[in-house]
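> Got a structure for you, protein_38.txt, holding compact mmCIF, C-alpha atoms.
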```txt
# COMPACT_ATOMS: atom_id res chain seq x y z
CA MET B 1 -73.70 -44.35 136.40
CA SER B 2 -76.64 -44.74 134.06
CA THR B 3 -80.11 -43.84 135.26
CA LEU B 4 -82.78 -46.53 135.66
CA ILE B 5 -85.47 -44.15 134.49
CA LYS B 6 -85.87 -43.53 130.79
CA PRO B 7 -86.20 -39.95 129.58
CA LEU B 8 -89.80 -38.83 129.45
CA VAL B 9 -91.43 -40.30 126.37
CA SER B 10 -95.03 -40.76 125.36
CA ASN B 11 -97.43 -43.53 126.24
CA GLU B 12 -97.47 -44.51 122.60
CA THR B 13 -93.70 -44.96 122.45
CA LEU B 14 -93.47 -47.22 125.51
CA LEU B 15 -96.59 -49.19 124.60
CA SER B 16 -95.13 -49.84 121.15
CA MET B 17 -91.89 -51.07 122.70
CA GLN B 18 -93.85 -53.32 125.05
CA GLU B 19 -95.91 -54.81 122.23
CA ILE B 20 -92.79 -55.65 120.24
CA ARG B 21 -90.77 -57.15 123.10
CA GLU B 22 -93.24 -58.73 125.52
CA SER B 23 -95.08 -61.99 125.03
CA ASN B 24 -98.62 -62.46 123.80
CA ALA B 25 -99.51 -63.51 127.35
CA ARG B 26 -99.53 -59.89 128.56
CA SER B 27 -103.03 -58.92 129.64
CA TYR B 28 -103.60 -55.60 131.43
CA PRO B 29 -102.01 -53.38 128.74
CA ARG B 30 -104.55 -54.68 126.23
CA ARG B 31 -107.42 -53.24 128.29
CA LEU B 32 -105.58 -50.42 130.04
CA PRO B 33 -103.24 -48.92 127.43
CA LEU B 34 -101.04 -46.64 129.46
CA ALA B 35 -97.40 -46.39 130.48
CA ILE B 36 -96.95 -45.17 134.05
CA GLN B 37 -94.72 -42.20 134.83
CA LYS B 38 -95.41 -41.98 138.58
CA ALA B 39 -98.00 -42.86 141.22
CA LYS B 40 -98.92 -41.65 144.69
CA GLY B 41 -101.78 -42.73 146.92
CA VAL B 42 -104.81 -43.58 144.80
CA MET B 43 -103.58 -41.66 141.73
CA ILE B 44 -101.52 -42.76 138.74
CA THR B 45 -99.95 -40.38 136.22
CA ASP B 46 -99.19 -41.69 132.74
CA MET B 47 -96.36 -40.65 130.43
CA ASP B 48 -98.58 -38.04 128.78
CA GLY B 49 -99.40 -36.43 132.13
CA LYS B 50 -102.97 -37.75 132.42
CA GLN B 51 -104.09 -38.78 135.92
CA TYR B 52 -106.19 -41.78 136.85
CA PHE B 53 -107.97 -42.99 139.96
CA ASP B 54 -106.51 -46.45 140.57
CA CYS B 55 -109.40 -48.75 141.54
CA LEU B 56 -107.38 -51.84 140.67
CA ALA B 57 -104.50 -51.29 143.12
CA GLY B 58 -102.29 -54.04 141.80
CA ALA B 59 -105.22 -56.50 141.85
CA GLY B 60 -105.59 -55.75 145.56
CA THR B 61 -101.89 -55.67 146.39
CA LEU B 62 -101.64 -51.98 147.22
CA ALA B 63 -103.62 -51.76 150.45
CA LEU B 64 -102.06 -48.37 151.22
CA GLY B 65 -102.01 -47.21 147.62
CA HIS B 66 -98.87 -46.21 145.76
CA ASN B 67 -95.66 -45.10 147.49
CA HIS B 68 -97.05 -44.69 150.98
CA ASP B 69 -94.69 -42.97 153.42
CA VAL B 70 -94.55 -45.93 155.84
CA VAL B 71 -93.54 -48.22 152.98
CA HIS B 72 -90.75 -45.86 151.93
CA GLU B 73 -89.55 -45.54 155.53
CA ALA B 74 -89.42 -49.32 155.98
CA ILE B 75 -87.39 -49.74 152.80
CA GLN B 76 -85.00 -46.98 153.76
CA GLU B 77 -84.41 -48.51 157.19
CA ILE B 78 -83.38 -51.80 155.60
CA LEU B 79 -81.01 -50.06 153.21
CA ASN B 80 -79.49 -47.79 155.86
CA ASN B 81 -78.69 -50.72 158.17
CA LEU B 82 -77.14 -52.97 155.50
CA ILE B 83 -79.65 -55.72 156.21
CA PRO B 84 -79.35 -58.37 153.50
CA LEU B 85 -82.06 -58.16 150.87
CA HIS B 86 -82.05 -61.89 150.18
CA THR B 87 -81.66 -64.61 152.82
CA LEU B 88 -83.35 -67.78 151.49
CA ASP B 89 -85.04 -69.07 154.66
CA LEU B 90 -82.32 -67.94 157.04
CA THR B 91 -83.78 -65.70 159.68
CA THR B 92 -83.11 -62.08 160.64
CA PRO B 93 -84.61 -59.68 163.21
CA VAL B 94 -86.66 -58.25 160.34
CA LYS B 95 -88.16 -61.64 159.58
CA GLU B 96 -88.99 -62.43 163.20
CA ALA B 97 -90.58 -59.01 163.69
CA PHE B 98 -92.71 -59.62 160.61
CA VAL B 99 -93.87 -63.00 161.93
CA ASP B 100 -94.69 -61.38 165.28
CA GLU B 101 -96.85 -58.80 163.51
CA VAL B 102 -98.63 -61.37 161.35
CA PHE B 103 -99.44 -63.61 164.30
CA ALA B 104 -100.59 -60.60 166.34
CA SER B 105 -103.00 -59.73 163.51
CA LEU B 106 -104.65 -63.17 163.54
CA PRO B 107 -107.36 -64.35 165.91
CA GLU B 108 -105.55 -65.40 169.08
CA SER B 109 -106.94 -68.94 169.05
CA PHE B 110 -105.58 -69.53 165.53
CA ALA B 111 -102.25 -67.79 166.09
CA GLY B 112 -101.64 -69.84 169.24
CA LYS B 113 -101.47 -73.08 167.27
CA ALA B 114 -100.08 -71.73 164.00
CA LYS B 115 -96.92 -72.29 162.00
CA ILE B 116 -95.82 -70.26 159.02
CA GLN B 117 -94.19 -71.27 155.74
CA PHE B 118 -92.53 -68.63 153.57
CA CYS B 119 -93.03 -69.37 149.90
CA GLY B 120 -91.94 -67.96 146.57
CA PRO B 121 -93.15 -64.39 146.05
CA THR B 122 -96.49 -65.20 144.40
CA GLY B 123 -99.84 -66.29 145.73
CA GLY B 124 -99.78 -69.15 143.25
CA ASP B 125 -96.68 -70.63 144.87
CA ALA B 126 -98.28 -70.39 148.30
CA ILE B 127 -101.38 -72.21 147.04
CA GLU B 128 -99.10 -74.93 145.63
CA ALA B 129 -97.47 -75.19 149.06
CA ALA B 130 -100.86 -75.47 150.76
CA LEU B 131 -101.90 -78.34 148.48
CA LYS B 132 -98.65 -80.18 149.17
CA LEU B 133 -99.05 -79.55 152.89
CA VAL B 134 -102.50 -81.13 153.22
CA LYS B 135 -101.64 -84.05 150.94
CA THR B 136 -98.56 -84.78 153.02
CA ALA B 137 -100.39 -84.41 156.33
CA THR B 138 -103.42 -86.53 155.44
CA GLY B 139 -101.94 -89.05 153.04
CA ASN B 140 -104.90 -88.39 150.75
CA ARG B 141 -104.83 -87.06 147.20
CA SER B 142 -108.17 -85.51 146.21
CA ILE B 143 -108.70 -81.77 146.38
CA LEU B 144 -112.16 -80.25 146.34
CA SER B 145 -112.49 -76.75 144.95
CA PHE B 146 -115.37 -74.54 143.83
CA GLN B 147 -116.85 -73.48 140.53
CA GLY B 148 -115.88 -69.88 139.84
CA GLY B 149 -112.83 -70.06 142.08
CA TYR B 150 -109.45 -68.73 141.05
CA HIS B 151 -106.22 -69.72 142.77
CA GLY B 152 -103.45 -68.91 140.30
CA SER B 153 -102.03 -69.72 136.89
CA THR B 154 -99.36 -72.32 137.68
CA HIS B 155 -99.98 -75.87 136.56
CA GLY B 156 -101.29 -76.94 139.96
CA THR B 157 -103.30 -73.83 140.81
CA LEU B 158 -104.88 -73.75 137.37
CA SER B 159 -105.99 -77.33 137.98
CA ILE B 160 -108.06 -76.28 140.99
CA SER B 161 -109.39 -73.04 139.47
CA GLY B 162 -112.83 -72.88 137.91
CA THR B 163 -111.85 -70.79 134.91
CA THR B 164 -111.80 -73.00 131.80
CA SER B 165 -110.36 -70.75 129.09
CA PRO B 166 -106.67 -71.00 130.16
CA LYS B 167 -107.02 -74.79 130.49
CA LYS B 168 -107.99 -75.48 126.88
CA HIS B 169 -104.45 -75.99 125.64
CA ILE B 170 -102.89 -77.30 128.86
CA HIS B 171 -102.92 -81.07 129.05
CA ALA B 172 -102.49 -83.40 132.02
CA LEU B 173 -103.60 -81.04 134.77
CA LEU B 174 -103.58 -82.36 138.34
CA PRO B 175 -105.79 -85.42 138.70
CA ASP B 176 -108.21 -85.98 141.60
CA THR B 177 -109.50 -82.41 141.51
CA HIS B 178 -113.26 -82.04 141.90
CA PHE B 179 -115.44 -78.94 141.69
CA LEU B 180 -118.34 -78.11 143.96
CA PRO B 181 -121.06 -75.48 143.40
CA TYR B 182 -120.44 -72.09 144.99
CA PRO B 183 -123.28 -70.00 146.47
CA TYR B 184 -123.56 -67.32 143.80
CA GLU B 185 -126.90 -65.71 144.61
CA TYR B 186 -127.44 -63.88 141.31
CA ARG B 187 -126.63 -67.01 139.32
CA CYS B 188 -127.54 -69.75 141.79
CA PRO B 189 -126.41 -73.10 140.33
CA PHE B 190 -129.64 -74.69 141.58
CA GLY B 191 -131.86 -71.86 140.37
CA LEU B 192 -132.95 -71.02 143.92
CA GLY B 193 -131.53 -67.55 144.47
CA LYS B 194 -131.04 -66.28 148.01
CA ASN B 195 -131.49 -69.57 149.86
CA GLY B 196 -129.50 -71.67 147.42
CA HIS B 197 -126.58 -71.87 149.85
CA GLU B 198 -128.62 -74.20 152.08
CA PHE B 199 -128.95 -76.72 149.26
CA ILE B 200 -125.27 -76.40 148.42
CA SER B 201 -124.34 -77.24 152.01
CA THR B 202 -126.56 -80.33 151.84
CA TYR B 203 -125.06 -81.28 148.48
CA ILE B 204 -121.50 -81.03 149.81
CA GLU B 205 -122.33 -83.03 152.92
CA ASN B 206 -124.05 -85.75 150.90
CA THR B 207 -121.17 -85.89 148.42
CA LEU B 208 -118.62 -86.38 151.18
CA ASP B 209 -120.68 -89.10 152.87
CA ASP B 210 -121.73 -90.97 149.72
CA PRO B 211 -119.55 -94.07 149.21
CA GLU B 212 -120.53 -93.99 145.52
CA SER B 213 -119.74 -90.29 144.94
CA GLY B 214 -116.68 -91.17 142.89
CA ILE B 215 -114.48 -89.02 145.13
CA VAL B 216 -112.06 -90.65 147.53
CA THR B 217 -111.52 -89.01 150.94
CA PRO B 218 -110.15 -85.55 150.14
CA ALA B 219 -106.86 -84.15 151.36
CA GLY B 220 -108.49 -80.74 151.63
CA ILE B 221 -111.15 -78.31 150.47
CA ILE B 222 -110.04 -74.90 149.22
CA VAL B 223 -112.32 -71.87 149.14
CA GLU B 224 -112.32 -68.08 148.69
CA ILE B 225 -114.47 -66.15 151.16
CA VAL B 226 -115.15 -63.72 148.32
CA GLN B 227 -114.45 -65.08 144.86
CA GLY B 228 -112.23 -62.48 143.22
CA GLU B 229 -111.58 -63.26 139.57
CA GLY B 230 -114.87 -65.17 139.64
CA GLY B 231 -116.71 -61.86 139.84
CA SER B 232 -116.43 -60.47 143.39
CA VAL B 233 -118.94 -63.00 144.70
CA PRO B 234 -119.19 -63.05 148.53
CA ALA B 235 -120.09 -66.33 150.19
CA PRO B 236 -123.03 -66.13 152.62
CA ILE B 237 -121.90 -66.10 156.25
CA GLU B 238 -124.16 -69.01 157.23
CA TRP B 239 -122.81 -71.13 154.37
CA LEU B 240 -119.23 -70.52 155.51
CA LYS B 241 -120.17 -71.67 159.00
CA GLN B 242 -121.73 -74.82 157.57
CA LEU B 243 -118.69 -75.51 155.38
CA ARG B 244 -116.44 -75.22 158.43
CA ARG B 245 -118.72 -77.56 160.41
CA ILE B 246 -118.84 -80.11 157.58
CA THR B 247 -115.07 -80.18 157.11
CA LYS B 248 -114.30 -80.22 160.83
CA GLU B 249 -116.67 -83.11 161.54
CA ARG B 250 -114.98 -85.17 158.81
CA ASN B 251 -111.43 -84.07 159.69
CA ILE B 252 -110.90 -82.55 156.25
CA PRO B 253 -108.45 -79.62 156.23
CA LEU B 254 -110.11 -76.38 155.14
CA ILE B 255 -107.80 -74.18 153.08
CA ILE B 256 -108.91 -70.56 152.89
CA ASP B 257 -107.38 -68.60 150.03
CA GLU B 258 -107.08 -64.98 151.20
CA VAL B 259 -104.53 -63.92 148.62
CA GLN B 260 -106.86 -61.12 147.53
CA THR B 261 -109.28 -60.75 150.45
CA GLY B 262 -106.73 -60.63 153.25
CA ILE B 263 -105.32 -57.65 155.17
CA GLY B 264 -108.40 -55.51 155.65
CA ARG B 265 -109.91 -55.51 152.17
CA THR B 266 -113.31 -56.97 153.10
CA GLY B 267 -113.85 -54.93 156.25
CA LYS B 268 -112.06 -57.33 158.60
CA MET B 269 -108.35 -57.99 158.81
CA PHE B 270 -109.09 -61.45 157.37
CA ALA B 271 -112.27 -62.26 155.50
CA PHE B 272 -112.90 -65.51 157.39
CA GLU B 273 -113.45 -63.42 160.53
CA HIS B 274 -116.82 -62.27 159.18
CA ALA B 275 -118.13 -65.79 159.77
CA GLY B 276 -116.41 -66.33 163.11
CA ILE B 277 -114.60 -69.39 161.76
CA GLU B 278 -110.96 -70.40 161.50
CA PRO B 279 -109.18 -72.22 158.69
CA ASP B 280 -106.81 -75.13 159.03
CA VAL B 281 -104.66 -73.50 156.35
CA LEU B 282 -104.57 -69.79 155.46
CA VAL B 283 -102.89 -68.54 152.28
CA LEU B 284 -101.75 -64.91 152.08
CA SER B 285 -99.99 -62.86 149.42
CA LYS B 286 -100.62 -59.56 147.58
CA ALA B 287 -101.16 -56.99 150.39
CA ILE B 288 -99.21 -59.02 152.99
CA GLY B 289 -95.98 -57.74 151.40
CA GLY B 290 -96.89 -54.07 151.72
CA SER B 291 -96.52 -53.46 147.94
CA LEU B 292 -93.63 -55.90 147.44
CA PRO B 293 -93.68 -59.59 146.45
CA LEU B 294 -94.29 -61.99 149.35
CA SER B 295 -96.47 -64.98 150.13
CA VAL B 296 -96.96 -67.19 153.16
CA VAL B 297 -98.97 -70.18 154.30
CA ILE B 298 -100.12 -70.19 157.92
CA TYR B 299 -101.49 -73.46 159.22
CA ASP B 300 -102.42 -75.54 162.23
CA LYS B 301 -99.24 -77.12 163.56
CA LYS B 302 -100.89 -80.54 163.63
CA LEU B 303 -100.50 -80.53 159.82
CA ASP B 304 -96.74 -79.94 160.00
CA LYS B 305 -95.67 -83.35 158.71
CA TRP B 306 -93.24 -81.96 156.17
CA GLU B 307 -89.60 -83.02 155.95
CA SER B 308 -86.83 -80.49 155.48
CA GLY B 309 -86.95 -78.95 152.02
CA ALA B 310 -90.48 -80.17 151.28
CA HIS B 311 -91.34 -76.76 149.86
CA ILE B 312 -88.62 -74.32 148.91
CA GLY B 313 -88.16 -71.19 146.81
CA THR B 314 -85.14 -69.02 146.21
CA PHE B 315 -86.91 -65.73 146.88
CA ARG B 316 -88.73 -66.74 150.06
CA GLY B 317 -86.36 -64.54 152.05
CA ASN B 318 -87.38 -61.12 150.69
CA GLN B 319 -86.39 -58.86 153.59
CA LEU B 320 -87.68 -55.67 151.98
CA ALA B 321 -91.14 -57.20 151.62
CA MET B 322 -91.12 -58.39 155.22
CA ALA B 323 -90.25 -54.89 156.39
CA THR B 324 -92.88 -53.21 154.21
CA GLY B 325 -95.40 -55.91 155.11
CA ARG B 326 -94.89 -55.33 158.82
CA ALA B 327 -95.16 -51.56 158.42
CA THR B 328 -98.33 -51.95 156.37
CA LEU B 329 -99.95 -54.27 158.92
CA GLN B 330 -99.13 -51.84 161.71
CA TYR B 331 -100.51 -48.87 159.81
CA ILE B 332 -103.71 -50.71 158.85
CA LYS B 333 -104.41 -51.63 162.46
CA GLU B 334 -103.41 -48.29 163.98
CA HIS B 335 -105.60 -46.36 161.54
CA HIS B 336 -108.55 -48.81 161.67
CA LEU B 337 -108.53 -49.32 157.91
CA PRO B 338 -110.63 -52.53 157.98
CA GLU B 339 -113.45 -50.53 159.59
CA HIS B 340 -112.86 -47.76 157.06
CA ALA B 341 -113.09 -50.31 154.23
CA HIS B 342 -116.35 -51.63 155.66
CA GLN B 343 -117.90 -48.17 155.87
CA LEU B 344 -116.70 -47.00 152.47
CA GLY B 345 -117.65 -50.30 150.85
CA TYR B 346 -121.17 -50.09 152.23
CA TYR B 347 -121.46 -46.50 151.02
CA MET B 348 -120.09 -47.38 147.59
CA GLN B 349 -122.50 -50.29 147.14
CA THR B 350 -125.41 -48.10 148.23
CA GLN B 351 -124.50 -45.45 145.65
CA LEU B 352 -123.93 -48.06 142.94
CA LYS B 353 -127.41 -49.47 143.58
CA LYS B 354 -128.78 -45.96 143.06
CA ILE B 355 -126.91 -45.81 139.75
CA GLN B 356 -128.38 -49.23 138.93
CA GLN B 357 -131.84 -47.63 138.96
CA GLN B 358 -130.72 -44.96 136.49
CA VAL B 359 -129.17 -47.25 133.87
CA LYS B 360 -130.23 -50.28 131.87
CA SER B 361 -127.41 -52.77 132.18
CA ILE B 362 -126.58 -53.42 135.84
CA GLY B 363 -127.94 -56.77 136.96
CA ASP B 364 -126.33 -57.00 140.39
CA VAL B 365 -124.19 -55.00 142.81
CA ARG B 366 -122.39 -57.00 145.48
CA GLY B 367 -119.23 -57.38 147.48
CA ARG B 368 -117.73 -57.09 150.93
CA GLY B 369 -115.76 -54.06 152.09
CA LEU B 370 -113.74 -52.54 149.26
CA MET B 371 -114.05 -55.62 147.06
CA ILE B 372 -117.06 -54.83 144.91
CA GLY B 373 -118.57 -56.33 141.78
CA VAL B 374 -121.06 -54.76 139.37
CA GLU B 375 -122.51 -57.38 137.03
CA ILE B 376 -123.30 -56.09 133.55
CA VAL B 377 -126.18 -57.83 131.80
CA ASP B 378 -128.19 -57.79 128.59
CA LYS B 379 -131.75 -56.95 129.53
CA THR B 380 -132.91 -57.23 125.93
CA GLN B 381 -132.72 -61.00 126.49
CA ALA B 382 -135.13 -63.00 128.64
CA PRO B 383 -134.14 -63.55 132.29
CA ASN B 384 -133.87 -67.02 133.78
CA SER B 385 -136.23 -68.55 136.35
CA ILE B 386 -134.85 -66.42 139.21
CA GLY B 387 -134.79 -63.18 137.25
CA SER B 388 -131.12 -63.10 136.28
CA TYR B 389 -130.25 -61.75 132.84
CA PRO B 390 -127.44 -63.04 130.60
CA GLY B 391 -124.07 -61.46 131.26
CA ASP B 392 -122.80 -58.98 128.67
CA GLY B 393 -119.01 -59.13 128.55
CA GLU B 394 -118.72 -56.89 125.50
CA LEU B 395 -120.64 -54.11 127.20
CA ALA B 396 -118.57 -54.57 130.37
CA LYS B 397 -115.39 -54.06 128.34
CA ALA B 398 -116.92 -50.98 126.74
CA ILE B 399 -117.71 -49.58 130.19
CA GLN B 400 -114.15 -50.32 131.32
CA LYS B 401 -112.85 -48.38 128.30
CA GLU B 402 -115.21 -45.45 128.95
CA CYS B 403 -114.01 -45.39 132.58
CA PHE B 404 -110.40 -45.47 131.43
CA ASP B 405 -111.04 -42.56 129.07
CA ARG B 406 -112.47 -40.66 132.06
CA GLY B 407 -109.48 -41.38 134.28
CA VAL B 408 -110.67 -44.40 136.26
CA ILE B 409 -108.77 -47.70 136.20
CA LEU B 410 -110.80 -50.77 137.09
CA GLU B 411 -110.95 -54.42 136.09
CA VAL B 412 -113.44 -56.80 134.52
CA GLY B 413 -113.89 -60.45 135.50
CA GLY B 414 -116.48 -63.05 136.34
CA ARG B 415 -118.47 -65.23 133.98
CA HIS B 416 -118.07 -64.06 130.38
CA GLY B 417 -115.98 -61.13 131.67
CA ALA B 418 -119.24 -59.37 132.53
CA VAL B 419 -118.41 -58.08 136.03
CA ILE B 420 -116.87 -54.67 136.67
CA ARG B 421 -114.52 -55.18 139.64
CA LEU B 422 -113.51 -52.41 142.04
CA LEU B 423 -110.51 -52.92 144.34
CA PRO B 424 -109.45 -49.42 145.43
CA PRO B 425 -106.75 -48.86 148.06
CA LEU B 426 -107.98 -48.98 151.65
CA ILE B 427 -106.86 -45.39 152.18
CA MET B 428 -109.34 -44.00 149.66
CA LYS B 429 -111.43 -41.10 150.93
CA LYS B 430 -115.17 -40.58 150.55
CA GLU B 431 -114.75 -37.57 148.29
CA GLN B 432 -112.52 -39.65 146.01
CA ILE B 433 -115.13 -42.42 145.95
CA ASP B 434 -117.74 -39.82 145.03
CA GLU B 435 -115.64 -38.60 142.10
CA VAL B 436 -115.10 -42.18 140.89
CA LEU B 437 -118.85 -42.82 141.10
CA VAL B 438 -119.63 -39.70 139.06
CA ARG B 439 -117.22 -40.82 136.35
CA PHE B 440 -118.48 -44.41 136.50
CA GLU B 441 -122.11 -43.35 136.01
CA ASP B 442 -121.13 -41.14 133.11
CA ALA B 443 -119.11 -43.99 131.59
CA ILE B 444 -121.85 -46.57 131.85
CA LYS B 445 -124.41 -44.22 130.30
CA ALA B 446 -122.03 -43.44 127.44
CA ALA B 447 -121.34 -47.15 126.86
CA GLU B 448 -125.04 -47.99 126.94
CA LYS B 449 -125.77 -45.28 124.39
CA LYS B 450 -123.30 -46.93 122.02
CA TRP B 451 -124.01 -50.59 122.81
CA VAL B 452 -127.46 -51.19 124.26
CA LYS B 453 -130.10 -51.90 121.64
```
So that I can check it, write out the structure of this file as structure tokens.

Amino acid sequence: MSTLIKPLVSNETLLSMQEIRESNARSYPRRLPLAIQKAKGVMITDMDGKQYFDCLAGAGTLALGHNHDVVHEAIQEILNNLIPLHTLDLTTPVKEAFVDEVFASLPESFAGKAKIQFCGPTGGDAIEAALKLVKTATGNRSILSFQGGYHGSTHGTLSISGTTSPKKHIHALLPDTHFLPYPYEYRCPFGLGKNGHEFISTYIENTLDDPESGIVTPAGIIVEIVQGEGGSVPAPIEWLKQLRRITKERNIPLIIDEVQTGIGRTGKMFAFEHAGIEPDVLVLSKAIGGSLPLSVVIYDKKLDKWESGAHIGTFRGNQLAMATGRATLQYIKEHHLPEHAHQLGYYMQTQLKKIQQQVKSIGDVRGRGLMIGVEIVDKTQAPNSIGSYPGDGELAKAIQKECFDRGVILEVGGRHGAVIRLLPPLIMKKEQIDEVLVRFEDAIKAAEKKWVK
């Protein structure tokens, strides 16, 4: 029997093979040029033996880091008991136990009226399902989304995402999609800064009530509690409460996209819990599968107007992912990892703000829990009316490279790609955070020396 693992070869060899054989759409290898030999916990080892702190964690997928023991045990139990790996939407004890654990992790008032839809293995497919759900339930067609939001790269999810670059060559995106301003304090769309969210709430309410707004009654409004790809921008708690009030009073389903924020990342099991609100529709993927592909939509049963087969997907019966997802949820709750994420995130932001005072190019440090953004700016340019400097995407990429050279993997995102994004595993320890911070400060100073005028 042939082995699945190639003999040890260099990074350069595997990266060359990848460049030749994979499409031009590949992204991460362009910024993070490594081939992975093995990974455990928060550390990755490349083919040349170099180790890296993984502060990307599969874009937030790896809540427990790489190859956690409980994940391995859950997989082994499935294999040892000959449980089918693929079941479409036929049920098994594994599936029902997973649903039990998910519902037990939700606020009781929401879980008590919830139904669950298993989707294809990506968050994008679950968002597509959520859009179809609210359109079917309400009979309406418009979807309201937010500037800076990101919900996937399928045809439908791209239509409701704020990012414009991938849309340039894609024609005939979903009609009846409308974008609302998002409360981004550092770059307030109304130039008001900290209190701008109050004006955005008023704007949304007026738009929905204006018979000449140009927008017919929406089927739903979709929002991220913390915009991820948009630059780790947390929504103010009071604004979230107002958005829930506005949508509830007008009987508009509120879809909360927690593909990246869910399962403890922001310091609560679910990010909407920070505001004490509940969605009508909750979308989960990434960490919900405990390292493996899985996505679900959980929604108020009053919206369940679907007919049989209204949303399907061949791989919606991934038993391994349900087992690892259940084990991950249990571990996160038993070890109080949301609280750990809150404490470490607060500490990390505090230390990053100290670094901000020692360097020239950090405009803003923000986030919630272990979902943190550091906005890189060009302070040689004039600030705007609220003191915000232009974003510097080129410098952000240079900082990312300097971090990579120092053994720290992180991502860039946000407007102009100017936000350094940190999404470390929830199991990260303070001493590991401290080491990452030392390397980050060194990297940003090195990048500034080369780039800042």
> Just want the 12 Å neighbourhood of B:Tyr184, counted on only C-alpha atoms, with same-chain residues fewer than 5 positions away dropped. Output as a ChimeraX atom specification.
/B:146-149,189-198,200,225-227,230-236,239,364,366-367,388,414-415
> Which residues are close to stretch 333-336 of chain B, i.e. within 10 Å by all atoms listed in the file, leaving aside same-chain residues fewer than 2 positions away? Reply as JSON, numbers by chain.
{"B": [105, 263, 264, 267, 268, 269, 328, 329, 330, 331, 338, 339, 340, 341, 427]}
> How big is the axis-aligned box around all listed atoms of stretch 111-125 of chain B once 6 Å goes on each side, and where's its centre, in Å to one decimal, as lines of an AutoDock Vina configuration file?

```
center_x = -97.1
center_y = -68.7
center_z = 156.2
size_x = 22.3
size_y = 20.7
size_z = 38.0
```
> To one decimal place in Å, what is the distance between atom CA of B:Asp48 and atom CA of B:Ser10?
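Distance between the two atoms: 5.6 Å.
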> Counting all atoms listed in the file, what is within 10 Å of B:Pro93, bar same-chain residues fewer than 4 positions away, as a ChimeraX atom specification?
/B:83,97-99,319
> Between B:Gly417, B:Asn384, B:Glu431, B:Arg265, which has the minimum distance to B:Ala59 (counting all atoms listed in the file)?
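For B:Ala59, the nearest of the given residues is B:Arg265.
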> If you count all atoms listed in the file, which residues fall within 7 Å of B:Leu423, apart from same-chain ones fewer than 2 positions away, as a list in words?
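The contact residues come out as Cys55, Leu56, Ala57, Ala59, Gly60, Leu370, Met371, Ile372, Arg421 and Pro425 of chain B.
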> Just want the 6 Å neighbourhood of B:Val296, counted on only C-alpha atoms, with same-chain residues fewer than 4 positions away dropped. Output as a PDB file with C-alpha atoms, in the frame of the given file.

```pdb
ATOM      1  CA  GLN B 117     -94.190 -71.270 155.740  1.00  0.00           C
ATOM      2  CA  PHE B 118     -92.530 -68.630 153.570  1.00  0.00           C
ATOM      3  CA  CYS B 119     -93.030 -69.370 149.900  1.00  0.00           C
ATOM      4  CA  ALA B 126     -98.280 -70.390 148.300  1.00  0.00           C
ATOM      5  CA  LEU B 284    -101.750 -64.910 152.080  1.00  0.00           C
TER       6      LEU B 284
END
```
> So what do you get for atom CA of B:Leu34 versus atom CA of B:Val419, distance-wise?
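It comes out at 21.8 Å.
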> So how far away is atom CA of B:Thr154 from atom CA of B:Ile170, in Å?
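So the answer is 10.7 Å.
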> I'd like to know which of B:Gly393, B:Gly345, B:Gly276, B:Pro107 is closest to B:Asp378, using only C-alpha atoms.
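Ranked by minimum distance to B:Asp378, first place goes to B:Gly393.
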> Could you write stretch 199-228 of chain B of the block just shown to a file containing C-alpha atoms, as a PDB file, in the first residue's frame?

```
ATOM      1  CA  PHE B 199     -26.707  58.081  13.405  1.00  0.00           C
ATOM      2  CA  ILE B 200     -26.412  54.771  11.578  1.00  0.00           C
ATOM      3  CA  SER B 201     -29.291  53.356  13.625  1.00  0.00           C
ATOM      4  CA  THR B 202     -31.395  56.393  12.708  1.00  0.00           C
ATOM      5  CA  TYR B 203     -30.393  56.060   9.065  1.00  0.00           C
ATOM      6  CA  ILE B 204     -31.401  52.390   8.949  1.00  0.00           C
ATOM      7  CA  GLU B 205     -34.717  53.068  10.645  1.00  0.00           C
ATOM      8  CA  ASN B 206     -35.512  55.939   8.301  1.00  0.00           C
ATOM      9  CA  THR B 207     -34.536  53.885   5.258  1.00  0.00           C
ATOM     10  CA  LEU B 208     -36.856  51.050   6.243  1.00  0.00           C
ATOM     11  CA  ASP B 209     -39.767  53.409   6.908  1.00  0.00           C
ATOM     12  CA  ASP B 210     -39.309  55.666   3.877  1.00  0.00           C
ATOM     13  CA  PRO B 211     -41.770  54.711   1.108  1.00  0.00           C
ATOM     14  CA  GLU B 212     -39.436  56.427  -1.379  1.00  0.00           C
ATOM     15  CA  SER B 213     -36.219  54.700  -0.217  1.00  0.00           C
ATOM     16  CA  GLY B 214     -36.106  52.603  -3.374  1.00  0.00           C
ATOM     17  CA  ILE B 215     -35.960  49.407  -1.320  1.00  0.00           C
ATOM     18  CA  VAL B 216     -38.962  47.120  -1.149  1.00  0.00           C
ATOM     19  CA  THR B 217     -39.699  45.349   2.145  1.00  0.00           C
ATOM     20  CA  PRO B 218     -36.623  43.202   2.798  1.00  0.00           C
ATOM     21  CA  ALA B 219     -36.612  39.455   3.280  1.00  0.00           C
ATOM     22  CA  GLY B 220     -33.831  39.858   5.821  1.00  0.00           C
ATOM     23  CA  ILE B 221     -30.879  41.837   7.119  1.00  0.00           C
ATOM     24  CA  ILE B 222     -27.544  40.053   7.485  1.00  0.00           C
ATOM     25  CA  VAL B 223     -24.782  41.252   9.800  1.00  0.00           C
ATOM     26  CA  GLU B 224     -21.483  40.191  11.378  1.00  0.00           C
ATOM     27  CA  ILE B 225     -21.101  41.035  15.066  1.00  0.00           C
ATOM     28  CA  VAL B 226     -17.409  41.562  14.337  1.00  0.00           C
ATOM     29  CA  GLN B 227     -16.574  42.109  10.692  1.00  0.00           C
ATOM     30  CA  GLY B 228     -13.808  39.632   9.941  1.00  0.00           C
TER      31      GLY B 228
END
```
